[in-house]
>>> print(open('my_file_2.txt').read())   # compact mmCIF, C-alpha atoms
# COMPACT_ATOMS: atom_id res chain seq x y z
CA MET A 25 0.00 0.00 0.00
CA ASP A 26 1.36 3.40 -1.01
CA SER A 27 0.67 7.10 -0.53
CA VAL A 28 -2.20 6.96 -3.02
CA ASP A 29 -3.88 4.26 -0.93
CA ARG A 30 -3.43 6.41 2.16
CA GLN A 31 -5.00 9.37 0.42
CA PHE A 32 -8.15 7.45 -0.52
CA MET A 33 -8.41 5.79 2.90
CA GLN A 34 -8.14 9.21 4.53
CA GLN A 35 -11.04 10.29 2.33
CA ALA A 36 -13.03 7.25 3.52
CA LEU A 37 -12.27 8.16 7.15
CA GLN A 38 -13.55 11.69 6.57
CA LEU A 39 -16.76 10.23 5.19
CA ALA A 40 -17.09 7.91 8.21
CA GLU A 41 -16.81 10.87 10.55
CA LYS A 42 -20.02 12.30 9.07
CA GLY A 43 -21.84 9.58 10.99
CA LEU A 44 -20.34 10.61 14.34
CA TYR A 45 -23.68 11.75 15.75
CA SER A 46 -26.11 9.49 13.91
CA THR A 47 -25.05 5.86 13.35
CA ASP A 48 -25.46 4.62 16.92
CA PRO A 49 -25.50 1.73 17.81
CA ASN A 50 -23.79 0.84 14.53
CA PRO A 51 -20.16 1.78 13.85
CA ARG A 52 -19.17 4.85 11.83
CA VAL A 53 -17.97 3.65 8.42
CA GLY A 54 -16.90 5.37 5.21
CA CYS A 55 -16.20 3.93 1.75
CA VAL A 56 -14.58 5.18 -1.46
CA VAL A 57 -14.63 3.37 -4.82
CA VAL A 58 -11.70 4.22 -7.13
CA ARG A 59 -11.16 3.20 -10.74
CA GLN A 60 -8.00 4.11 -12.62
CA GLY A 61 -7.11 6.68 -9.98
CA VAL A 62 -10.49 8.45 -10.11
CA VAL A 63 -13.18 8.34 -7.40
CA VAL A 64 -16.32 6.92 -9.00
CA GLY A 65 -18.35 6.40 -5.84
CA GLU A 66 -18.34 7.30 -2.18
CA GLY A 67 -20.66 6.71 0.74
CA TRP A 68 -20.99 6.53 4.49
CA HIS A 69 -23.30 4.79 6.91
CA GLN A 70 -25.82 7.30 8.16
CA ARG A 71 -28.26 5.51 10.48
CA THR A 72 -28.94 2.03 11.78
CA GLY A 73 -31.30 0.16 9.51
CA GLU A 74 -30.20 2.20 6.49
CA PRO A 75 -27.71 1.05 3.81
CA HIS A 76 -24.10 0.59 4.85
CA ALA A 77 -21.24 2.69 3.50
CA GLU A 78 -20.25 0.12 0.85
CA THR A 79 -23.77 -0.09 -0.52
CA ASN A 80 -24.07 3.69 -0.79
CA ALA A 81 -20.69 3.94 -2.53
CA LEU A 82 -21.43 1.09 -4.95
CA ARG A 83 -24.78 2.61 -5.89
CA GLN A 84 -23.06 5.86 -6.77
CA ALA A 85 -20.36 4.04 -8.75
CA GLY A 86 -22.80 1.90 -10.72
CA GLY A 87 -21.11 -0.09 -13.50
CA SER A 88 -17.84 1.76 -12.88
CA ALA A 89 -17.32 -0.39 -9.77
CA ARG A 90 -16.30 -3.37 -11.91
CA GLY A 91 -12.53 -3.74 -11.69
CA ALA A 92 -12.27 -0.92 -9.14
CA THR A 93 -10.47 -0.66 -5.81
CA VAL A 94 -12.65 -0.12 -2.75
CA TYR A 95 -11.37 1.64 0.36
CA VAL A 96 -13.49 1.03 3.46
CA THR A 97 -12.77 1.96 7.08
CA LEU A 98 -14.21 -1.26 8.56
CA GLU A 99 -14.25 -4.83 7.28
CA PRO A 100 -17.38 -5.43 5.16
CA CYS A 101 -20.08 -7.35 7.03
CA CYS A 102 -20.88 -10.89 5.84
CA HIS A 103 -24.21 -11.61 7.56
CA TYR A 104 -27.84 -10.68 7.09
CA GLY A 105 -29.06 -8.21 9.68
CA LYS A 106 -31.22 -5.17 9.09
CA THR A 107 -29.40 -4.90 5.75
CA PRO A 108 -27.87 -7.52 3.36
CA PRO A 109 -24.16 -8.41 3.68
CA CYS A 110 -21.74 -5.93 2.14
CA SER A 111 -19.25 -8.66 1.22
CA LYS A 112 -21.83 -10.12 -1.16
CA ALA A 113 -22.52 -6.70 -2.68
CA LEU A 114 -18.81 -6.18 -3.37
CA VAL A 115 -18.48 -9.58 -5.01
CA GLU A 116 -21.55 -8.99 -7.20
CA ALA A 117 -20.25 -5.54 -8.19
CA GLY A 118 -17.10 -7.18 -9.57
CA VAL A 119 -14.56 -5.08 -7.68
CA LYS A 120 -10.93 -6.10 -8.09
CA ARG A 121 -9.38 -5.01 -4.78
CA VAL A 122 -10.60 -4.10 -1.30
CA VAL A 123 -8.48 -2.18 1.21
CA VAL A 124 -9.80 -2.01 4.79
CA ALA A 125 -8.53 0.02 7.72
CA MET A 126 -9.51 -2.50 10.42
CA THR A 127 -11.21 -5.86 10.85
CA ASP A 128 -14.66 -5.93 12.43
CA PRO A 129 -14.60 -6.85 16.16
CA ASN A 130 -18.17 -8.14 15.90
CA PRO A 131 -17.94 -11.94 16.43
CA ARG A 132 -20.45 -12.39 13.60
CA VAL A 133 -17.85 -10.95 11.22
CA ALA A 134 -14.33 -10.99 12.74
CA GLY A 135 -12.39 -11.70 9.55
CA GLN A 136 -15.07 -13.73 7.81
CA GLY A 137 -15.97 -10.82 5.53
CA LEU A 138 -12.40 -10.64 4.26
CA THR A 139 -12.30 -14.43 3.83
CA GLU A 140 -15.38 -14.30 1.61
CA LEU A 141 -13.80 -11.63 -0.56
CA LEU A 142 -10.59 -13.63 -0.92
CA ALA A 143 -12.56 -16.76 -1.81
CA ALA A 144 -14.21 -14.78 -4.61
CA GLY A 145 -10.81 -13.88 -6.05
CA ILE A 146 -10.75 -10.30 -4.79
CA GLN A 147 -7.40 -8.91 -3.65
CA VAL A 148 -7.67 -7.90 0.04
CA GLU A 149 -5.39 -5.74 2.18
CA SER A 150 -6.03 -4.55 5.72
CA GLY A 151 -4.51 -2.38 8.44
CA LEU A 152 -4.16 0.89 6.53
CA LEU A 153 -4.71 3.83 8.94
CA GLN A 154 -6.06 1.37 11.47
CA GLU A 155 -5.45 3.60 14.50
CA GLN A 156 -7.46 6.45 12.96
CA ALA A 157 -10.32 4.05 12.20
CA GLU A 158 -10.30 2.71 15.75
CA ARG A 159 -10.50 6.24 17.16
CA LEU A 160 -13.81 6.69 15.33
CA ASN A 161 -15.41 3.68 17.02
CA PRO A 162 -14.00 3.12 20.54
CA GLY A 163 -17.41 2.24 21.94
CA PHE A 164 -18.37 -0.28 19.27
CA ILE A 165 -14.96 -1.96 19.61
CA SER A 166 -15.24 -2.02 23.41
CA ARG A 167 -18.77 -3.45 23.40
CA MET A 168 -17.85 -6.18 20.93
CA SER A 169 -14.49 -7.12 22.47
CA ARG A 170 -15.03 -6.46 26.21
CA GLY A 171 -18.78 -6.71 26.63
CA ARG A 172 -19.07 -3.19 28.01
CA PRO A 173 -19.21 0.35 26.62
CA TRP A 174 -16.32 2.77 26.32
CA VAL A 175 -16.56 5.20 29.26
CA ARG A 176 -15.53 8.81 28.77
CA CYS A 177 -15.50 10.80 32.01
CA LYS A 178 -16.06 14.53 31.57
CA LEU A 179 -14.97 16.91 34.31
CA ALA A 180 -14.53 20.66 34.65
CA MET A 181 -12.06 22.07 37.13
CA SER A 182 -10.30 25.21 38.23
CA LEU A 183 -6.54 25.68 37.96
CA ASP A 184 -6.24 24.34 41.51
CA GLY A 185 -8.13 21.15 40.66
CA ARG A 186 -11.57 21.98 42.10
CA THR A 187 -14.92 21.07 40.56
CA ALA A 188 -17.35 22.85 42.90
CA MET A 189 -17.38 25.16 45.89
CA ALA A 190 -17.80 23.58 49.31
CA SER A 191 -21.52 24.49 49.10
CA GLY A 192 -21.85 22.47 45.89
CA GLU A 193 -22.10 25.53 43.64
CA SER A 194 -20.47 24.79 40.27
CA LYS A 195 -22.15 26.93 37.59
CA TRP A 196 -20.22 27.85 35.66
CA ILE A 197 -16.60 26.76 36.04
CA THR A 198 -15.69 26.82 32.36
CA SER A 199 -16.31 29.07 29.37
CA GLU A 200 -19.30 29.07 27.04
CA GLN A 201 -17.09 27.59 24.31
CA ALA A 202 -16.12 24.69 26.58
CA ARG A 203 -19.76 24.00 27.36
CA ALA A 204 -20.51 23.91 23.62
CA ASP A 205 -17.68 21.39 23.21
CA VAL A 206 -19.33 19.25 25.89
CA GLN A 207 -22.50 19.25 23.83
CA ARG A 208 -20.57 17.70 20.94
CA LEU A 209 -19.26 14.98 23.27
CA ARG A 210 -22.82 14.31 24.44
CA ALA A 211 -24.06 14.15 20.86
CA ARG A 212 -21.64 11.33 19.96
CA SER A 213 -22.48 9.37 23.12
CA SER A 214 -24.97 6.53 23.39
CA ALA A 215 -25.74 7.27 27.04
CA ILE A 216 -25.03 9.91 29.67
CA VAL A 217 -24.56 8.51 33.17
CA THR A 218 -24.77 10.43 36.42
CA GLY A 219 -25.42 9.81 40.11
CA ILE A 220 -28.36 10.75 42.27
CA GLY A 221 -26.22 13.28 44.15
CA THR A 222 -25.69 15.32 40.98
CA VAL A 223 -29.39 15.12 40.14
CA MET A 224 -30.42 16.34 43.59
CA VAL A 225 -27.91 19.20 43.72
CA ASP A 226 -27.83 20.42 40.09
CA ASP A 227 -31.11 19.09 38.59
CA PRO A 228 -29.32 18.68 35.22
CA SER A 229 -30.90 18.24 31.79
CA LEU A 230 -28.30 15.73 30.49
CA ASN A 231 -29.52 16.28 26.95
CA VAL A 232 -28.03 17.39 23.63
CA ARG A 233 -28.48 21.05 22.75
CA LEU A 234 -26.45 21.58 19.60
CA PRO A 235 -27.82 24.04 17.00
CA GLU A 236 -25.87 22.40 14.16
CA LEU A 237 -27.90 19.21 14.67
CA GLY A 238 -31.25 20.95 14.28
CA GLU A 239 -34.19 21.24 16.65
CA HIS A 240 -34.59 17.50 17.30
CA PRO A 241 -31.17 15.84 17.60
CA ARG A 242 -30.77 12.21 18.62
CA GLN A 243 -30.83 12.14 22.42
CA PRO A 244 -28.55 9.74 24.31
CA LEU A 245 -30.10 7.50 26.92
CA ARG A 246 -30.07 9.34 30.27
CA VAL A 247 -28.99 7.04 33.11
CA VAL A 248 -29.16 7.79 36.83
CA LEU A 249 -27.53 5.55 39.45
CA ASP A 250 -29.83 5.85 42.45
CA ARG A 251 -29.33 3.06 44.96
CA GLU A 252 -32.09 4.20 47.34
CA LEU A 253 -34.46 5.46 44.62
CA ARG A 254 -34.44 8.98 46.01
CA ILE A 255 -35.01 10.76 42.70
CA SER A 256 -37.89 13.22 42.63
CA PRO A 257 -40.60 12.87 39.97
CA GLU A 258 -40.11 16.62 39.56
CA ALA A 259 -36.52 16.17 38.28
CA HIS A 260 -36.00 18.22 35.13
CA LEU A 261 -34.64 15.31 33.08
CA PHE A 262 -38.08 13.64 33.11
CA SER A 263 -39.62 16.56 31.20
CA LEU A 264 -37.28 16.36 28.20
CA PRO A 265 -37.35 14.24 25.01
CA GLY A 266 -35.47 10.96 25.16
CA ASN A 267 -35.39 7.87 27.36
CA VAL A 268 -34.44 7.70 31.03
CA VAL A 269 -33.30 4.65 33.02
CA ILE A 270 -32.93 4.64 36.81
CA PHE A 271 -30.72 1.86 38.18
CA THR A 272 -31.53 1.15 41.81
CA ALA A 273 -30.95 -1.50 44.46
CA ARG A 274 -33.71 -0.67 46.89
CA GLN A 275 -37.12 -2.32 46.94
CA ALA A 276 -38.97 0.96 46.93
CA ALA A 277 -42.68 1.31 47.55
CA GLN A 278 -44.55 0.33 44.40
CA GLN A 279 -46.37 3.65 44.46
CA ARG A 280 -43.03 5.47 44.15
CA VAL A 281 -41.84 3.20 41.33
CA ASP A 282 -45.15 3.68 39.53
CA ALA A 283 -44.83 7.47 39.82
CA ILE A 284 -41.46 7.38 38.05
CA VAL A 285 -42.57 4.84 35.43
CA SER A 286 -45.62 7.00 34.67
CA LEU A 287 -43.19 9.70 33.53
CA GLY A 288 -41.88 7.36 30.83
CA ALA A 289 -38.75 6.23 32.66
CA GLU A 290 -37.55 2.71 33.44
CA VAL A 291 -36.66 1.57 36.95
CA VAL A 292 -34.18 -1.32 36.86
CA PRO A 293 -33.08 -3.16 40.03
CA LEU A 294 -29.43 -4.25 40.20
CA PRO A 295 -27.15 -5.86 42.82
CA ALA A 296 -25.41 -3.58 45.32
CA ASP A 297 -22.99 -3.71 48.20
CA SER A 298 -22.15 -1.38 51.08
CA ASN A 299 -20.42 1.01 48.67
CA GLY A 300 -23.28 1.34 46.20
CA LEU A 301 -24.51 -0.29 43.01
CA ASP A 302 -22.51 -2.98 41.23
CA LEU A 303 -20.93 -0.72 38.59
CA MET A 304 -19.81 -3.57 36.35
CA ALA A 305 -23.40 -4.85 36.34
CA VAL A 306 -24.48 -1.37 35.23
CA MET A 307 -22.01 -1.48 32.34
CA HIS A 308 -23.12 -4.96 31.29
CA GLN A 309 -26.75 -3.81 31.34
CA LEU A 310 -25.87 -0.88 29.10
CA ALA A 311 -23.97 -3.15 26.70
CA GLN A 312 -27.04 -5.36 26.41
CA ARG A 313 -28.93 -2.23 25.36
CA GLU A 314 -26.34 -1.71 22.57
CA ILE A 315 -24.78 1.29 24.28
CA ASN A 316 -21.39 2.00 22.71
CA GLU A 317 -20.05 5.20 24.27
CA VAL A 318 -20.94 6.33 27.78
CA MET A 319 -20.35 9.88 28.92
CA LEU A 320 -19.94 9.98 32.68
CA GLU A 321 -21.00 13.36 34.07
CA ALA A 322 -20.93 12.94 37.82
CA GLY A 323 -19.48 14.23 41.06
CA ALA A 324 -16.34 13.12 42.87
CA THR A 325 -17.98 10.10 44.56
CA LEU A 326 -19.31 8.29 41.49
CA SER A 327 -16.37 9.37 39.32
CA GLY A 328 -13.99 8.04 41.93
CA ALA A 329 -15.88 4.77 42.28
CA MET A 330 -15.86 4.26 38.52
CA MET A 331 -12.14 4.99 38.41
CA GLN A 332 -11.36 2.54 41.22
CA ALA A 333 -13.51 -0.10 39.53
CA GLY A 334 -11.37 0.24 36.41
CA LEU A 335 -14.33 1.37 34.33
CA ILE A 336 -13.11 4.74 33.07
CA ASP A 337 -11.29 4.53 29.75
CA GLU A 338 -10.85 8.19 28.90
CA LEU A 339 -10.82 11.50 30.76
CA VAL A 340 -11.84 14.79 29.19
CA ILE A 341 -11.04 17.58 31.63
CA TYR A 342 -11.82 21.24 30.99
CA LEU A 343 -9.37 23.43 32.89
CA ALA A 344 -10.57 26.95 33.72
CA PRO A 345 -8.19 29.87 34.46
CA HIS A 346 -9.24 30.60 38.01
CA LEU A 347 -8.75 29.44 41.60
CA MET A 348 -11.51 28.13 43.89
CA GLY A 349 -9.63 27.53 47.13
CA ASP A 350 -8.71 24.51 49.23
CA ALA A 351 -12.20 24.18 50.76
CA ALA A 352 -13.74 23.52 47.33
CA ARG A 353 -14.41 19.99 46.09
CA GLY A 354 -11.88 17.89 44.17
CA LEU A 355 -12.21 15.84 40.99
CA PHE A 356 -12.33 12.34 42.45
CA HIS A 357 -13.06 10.70 45.77
CA LEU A 358 -10.34 8.03 45.82
CA PRO A 359 -9.95 6.59 49.32
CA GLY A 360 -6.95 4.36 49.89
CA LEU A 361 -4.44 6.25 47.75
CA GLU A 362 -1.75 7.01 50.30
CA THR A 363 1.63 6.42 48.63
CA MET A 364 3.17 7.49 45.34
CA ASP A 365 3.25 3.94 44.00
CA GLN A 366 -0.55 3.81 44.32
CA ARG A 367 -1.02 6.65 41.87
CA ILE A 368 -3.31 6.14 38.88
CA GLU A 369 -1.25 6.66 35.74
CA LEU A 370 -2.68 8.60 32.82
CA ASP A 371 -1.57 8.94 29.22
CA ILE A 372 -2.27 12.49 28.05
CA ARG A 373 -3.24 12.38 24.37
CA GLU A 374 -4.17 15.99 23.67
CA ILE A 375 -4.18 19.46 25.21
CA ARG A 376 -5.89 22.27 23.34
CA ALA A 377 -7.52 25.61 23.99
CA VAL A 378 -11.32 25.86 24.00
CA GLY A 379 -12.22 29.50 24.46
CA LYS A 380 -10.61 30.65 27.70
CA SER A 381 -10.44 27.06 28.98
CA TRP A 382 -8.06 24.22 28.15
CA ARG A 383 -9.26 20.75 27.23
CA ILE A 384 -7.09 17.85 28.40
CA SER A 385 -7.81 14.42 26.93
CA ALA A 386 -6.16 11.44 28.60
CA ARG A 387 -6.41 7.66 28.61
CA VAL A 388 -6.28 5.67 31.82
CA SER A 389 -3.14 3.50 31.71
>>> encode(input="my_file_2.txt", output="structure tokens")
Amino acid sequence: MDSVDRQFMQQALQLAEKGLYSTDPNPRVGCVVVRQGVVVGEGWHQRTGEPHAETNALRQAGGSARGATVYVTLEPCCHYGKTPPCSKALVEAGVKRVVVAMTDPNPRVAGQGLTELLAAGIQVESGLLQEQAERLNPGFISRMSRGRPWVRCKLAMSLDGRTAMASGESKWITSEQARADVQRLRARSSAIVTGIGTVMVDDPSLNVRLPELGEHPRQPLRVVLDRELRISPEAHLFSLPGNVVIFTARQAAQQRVDAIVSLGAEVVPLPADSNGLDLMAVMHQLAQREINEVMLEAGATLSGAMMQAGLIDELVIYLAPHLMGDAARGLFHLPGLETMDQRIELDIREIRAVGKSWRISARVS
């Protein structure tokens, strides 16, 4: 594979990114069909249940697809689901060569799509710009390979590492531009998870408000971890479009459960211990609901518990240029960290300005 291959695969990745806010729970995939160095078809997967990227690109290419090279960011599927298999469509179109960025982690595919293409006499190459393709679909990869969503923890803090005043006041730590950036993170997420403490103190909306997506954007599932089922039926999140799930461990009075269910929410009992809900059970429940990317927007207690449970994959921290004092609240409640060798290591991937704030993206080592 040469620089020309890289150029066309980069074009396919740009097409895949168009589905960042819409393909859920399917992966974001782009495809380019090239014949004699000229693009004759391109496509991307837009929504679940609609044609895949390869199908859209082949339709645009028409008869020009015969003998062409196809660049696709994810291995073509080889099974019947809501749409026919893309491997079959490529074979029938008579393409000569298929270049893929990454194999499909879905056990129903997992290399079988490439095997079908090879068996049909099509030249197959894989691994081109694989890392870039994986960055587009961390949640889909995580759900298929680990049985749980990718968890992105969003936090806002002052220069001295504080997320709220001692009173709980936290609006607003960061700039308007940073808050708009958060909306874009929400829009790509399958679910937004918070704790009952945040709901009781802040009464958040936990919804997507992004003008570029129009008046009725896709709303992530709103999830509240509420062990004692203390949430008020008057909570603001019940009055907004989209689905709400309350995970609880307490056998609450049926009248109280019914009041919440009557608002259109689900109440789901889960195991718990003295420290709270079984967080891994929460993640497995979300995976069963085809949740790919979780955005954790919570206080220090739940964020700390998720970190100590090894369930946070990525941190996105917005750093504001002010000081809030040593009485203010910190980022994480992490009891038991007493020596330097107990530190939690992070791999900082990006630091960039967002308005007057700085956005720090890091992976948990």
>>> residues_around(input="my_file_2.txt", residues="Glu149 in chain A", least_positions_apart="6", cutoff="8 Å", atoms="all atoms listed in the file", output="VMD selection string")
chain A and resid 122 to 124
>>> atom_distance(input="my_file_2.txt", atom1="CA of Val119 in chain A", atom2="CA of Arg30 in chain A")
18.8 Å
>>> atom_distance(input="my_file_2.txt", atom1="CA of Pro265 in chain A", atom2="CA of Gln278 in chain A")
24.9 Å
>>> closest_residue(input="my_file_2.txt", among="A:Thr107, A:Cys102, A:Val28, A:Leu160", to="Val133 in chain A", atoms="all atoms listed in the file")
A:Cys102
>>> atom_distance(input="my_file_2.txt", atom1="CA of Lys106 in chain A", atom2="CA of Ala157 in chain A")
23.1 Å
>>> residues_around(input="my_file_2.txt", residues="range 338-353 of chain A", least_positions_apart="5", cutoff="7 Å", atoms="all atoms listed in the file", output="list of chain:residue names")
A:Val175, A:Arg176, A:Cys177, A:Lys178, A:Leu179, A:Ala180, A:Met181, A:Ser182, A:Leu183, A:Asp184, A:Arg186, A:Thr187, A:Ala188, A:Met189, A:Ala190, A:Ile197, A:Thr198, A:Ser381, A:Trp382, A:Arg383, A:Ile384, A:Ser385, A:Ala386, A:Arg387, A:Val388
>>> residues_around(input="my_file_2.txt", residues="Ser213 in chain A", least_positions_apart="2", cutoff="7 Å", atoms="all atoms listed in the file", output="MDAnalysis selection string")
chainID A and resid 209:211 215 244 317:319
>>> residues_around(input="my_file_2.txt", residues="His103 in chain A", least_positions_apart="2", cutoff="10 Å", atoms="only C-alpha atoms", output="list of chain:residue names")
A:Pro100, A:Cys101, A:Gly105, A:Lys106, A:Thr107, A:Pro108, A:Pro109, A:Cys110, A:Ser111, A:Lys112, A:Arg132, A:Val133, A:Gln136, A:Gly137
>>> write_last_selection(input="my_file_2.txt", atoms="C-alpha atoms", output="tab-separated table (two decimals), keeping the file's coordinate frame")
chain	number	residue	atom	x	y	z
A	100	PRO	CA	-17.38	-5.43	5.16
A	101	CYS	CA	-20.08	-7.35	7.03
A	105	GLY	CA	-29.06	-8.21	9.68
A	106	LYS	CA	-31.22	-5.17	9.09
A	107	THR	CA	-29.40	-4.90	5.75
A	108	PRO	CA	-27.87	-7.52	3.36
A	109	PRO	CA	-24.16	-8.41	3.68
A	110	CYS	CA	-21.74	-5.93	2.14
A	111	SER	CA	-19.25	-8.66	1.22
A	112	LYS	CA	-21.83	-10.12	-1.16
A	132	ARG	CA	-20.45	-12.39	13.60
A	133	VAL	CA	-17.85	-10.95	11.22
A	136	GLN	CA	-15.07	-13.73	7.81
A	137	GLY	CA	-15.97	-10.82	5.53
>>> residues_around(input="my_file_2.txt", residues="range 87-96 of chain A", least_positions_apart="5", cutoff="8 Å", atoms="all atoms listed in the file", output="list of chain:residue names")
A:Phe32, A:Met33, A:Ala36, A:Val53, A:Gly54, A:Cys55, A:Val56, A:Val57, A:Val58, A:Arg59, A:Gln60, A:Val64, A:Gly65, A:Ala77, A:Glu78, A:Leu82, A:Ala117, A:Gly118, A:Val119, A:Lys120, A:Arg121, A:Val122, A:Val123, A:Val124, A:Ala125
>>> closest_residue(input="my_file_2.txt", among="A:Asp250, A:Glu362, A:Glu158, A:Glu314", to="Ala273 in chain A", atoms="all atoms listed in the file")
A:Asp250
>>> closest_residue(input="my_file_2.txt", among="A:Leu358, A:Met331, A:Ala283, A:Ala202", to="Leu370 in chain A", atoms="only C-alpha atoms")
A:Met331
>>> residues_near_point(input="my_file_2.txt", point="(-14.4, 11.9, 8.4)", cutoff="10 Å", atoms="all atoms listed in the file", output="list in words")
Gln34, Gln35, Ala36, Leu37, Gln38, Leu39, Ala40, Glu41, Lys42, Gly43, Leu44, Arg52, Val53, Gly54, Trp68, Gln156, Ala157 and Leu160 of chain A
>>> closest_residue(input="my_file_2.txt", among="A:Arg274, A:Arg246, A:His69, A:Arg373", to="Glu321 in chain A", atoms="all atoms listed in the file")
A:Arg246
>>> closest_residue(input="my_file_2.txt", among="A:Gln31, A:Ser169, A:Thr222, A:Ser327", to="Arg254 in chain A", atoms="only C-alpha atoms")
A:Thr222
>>> closest_residue(input="my_file_2.txt", among="A:Val62, A:Pro173, A:Pro162, A:Glu99", to="Leu141 in chain A", atoms="all atoms listed in the file")
A:Glu99
>>> residues_near_point(input="my_file_2.txt", point="(-26.5, 18.3, 26.6)", cutoff="9 Å", atoms="all atoms listed in the file", output="PyMOL selection string")
chain A and resi 203-204+206-211+229-234+243
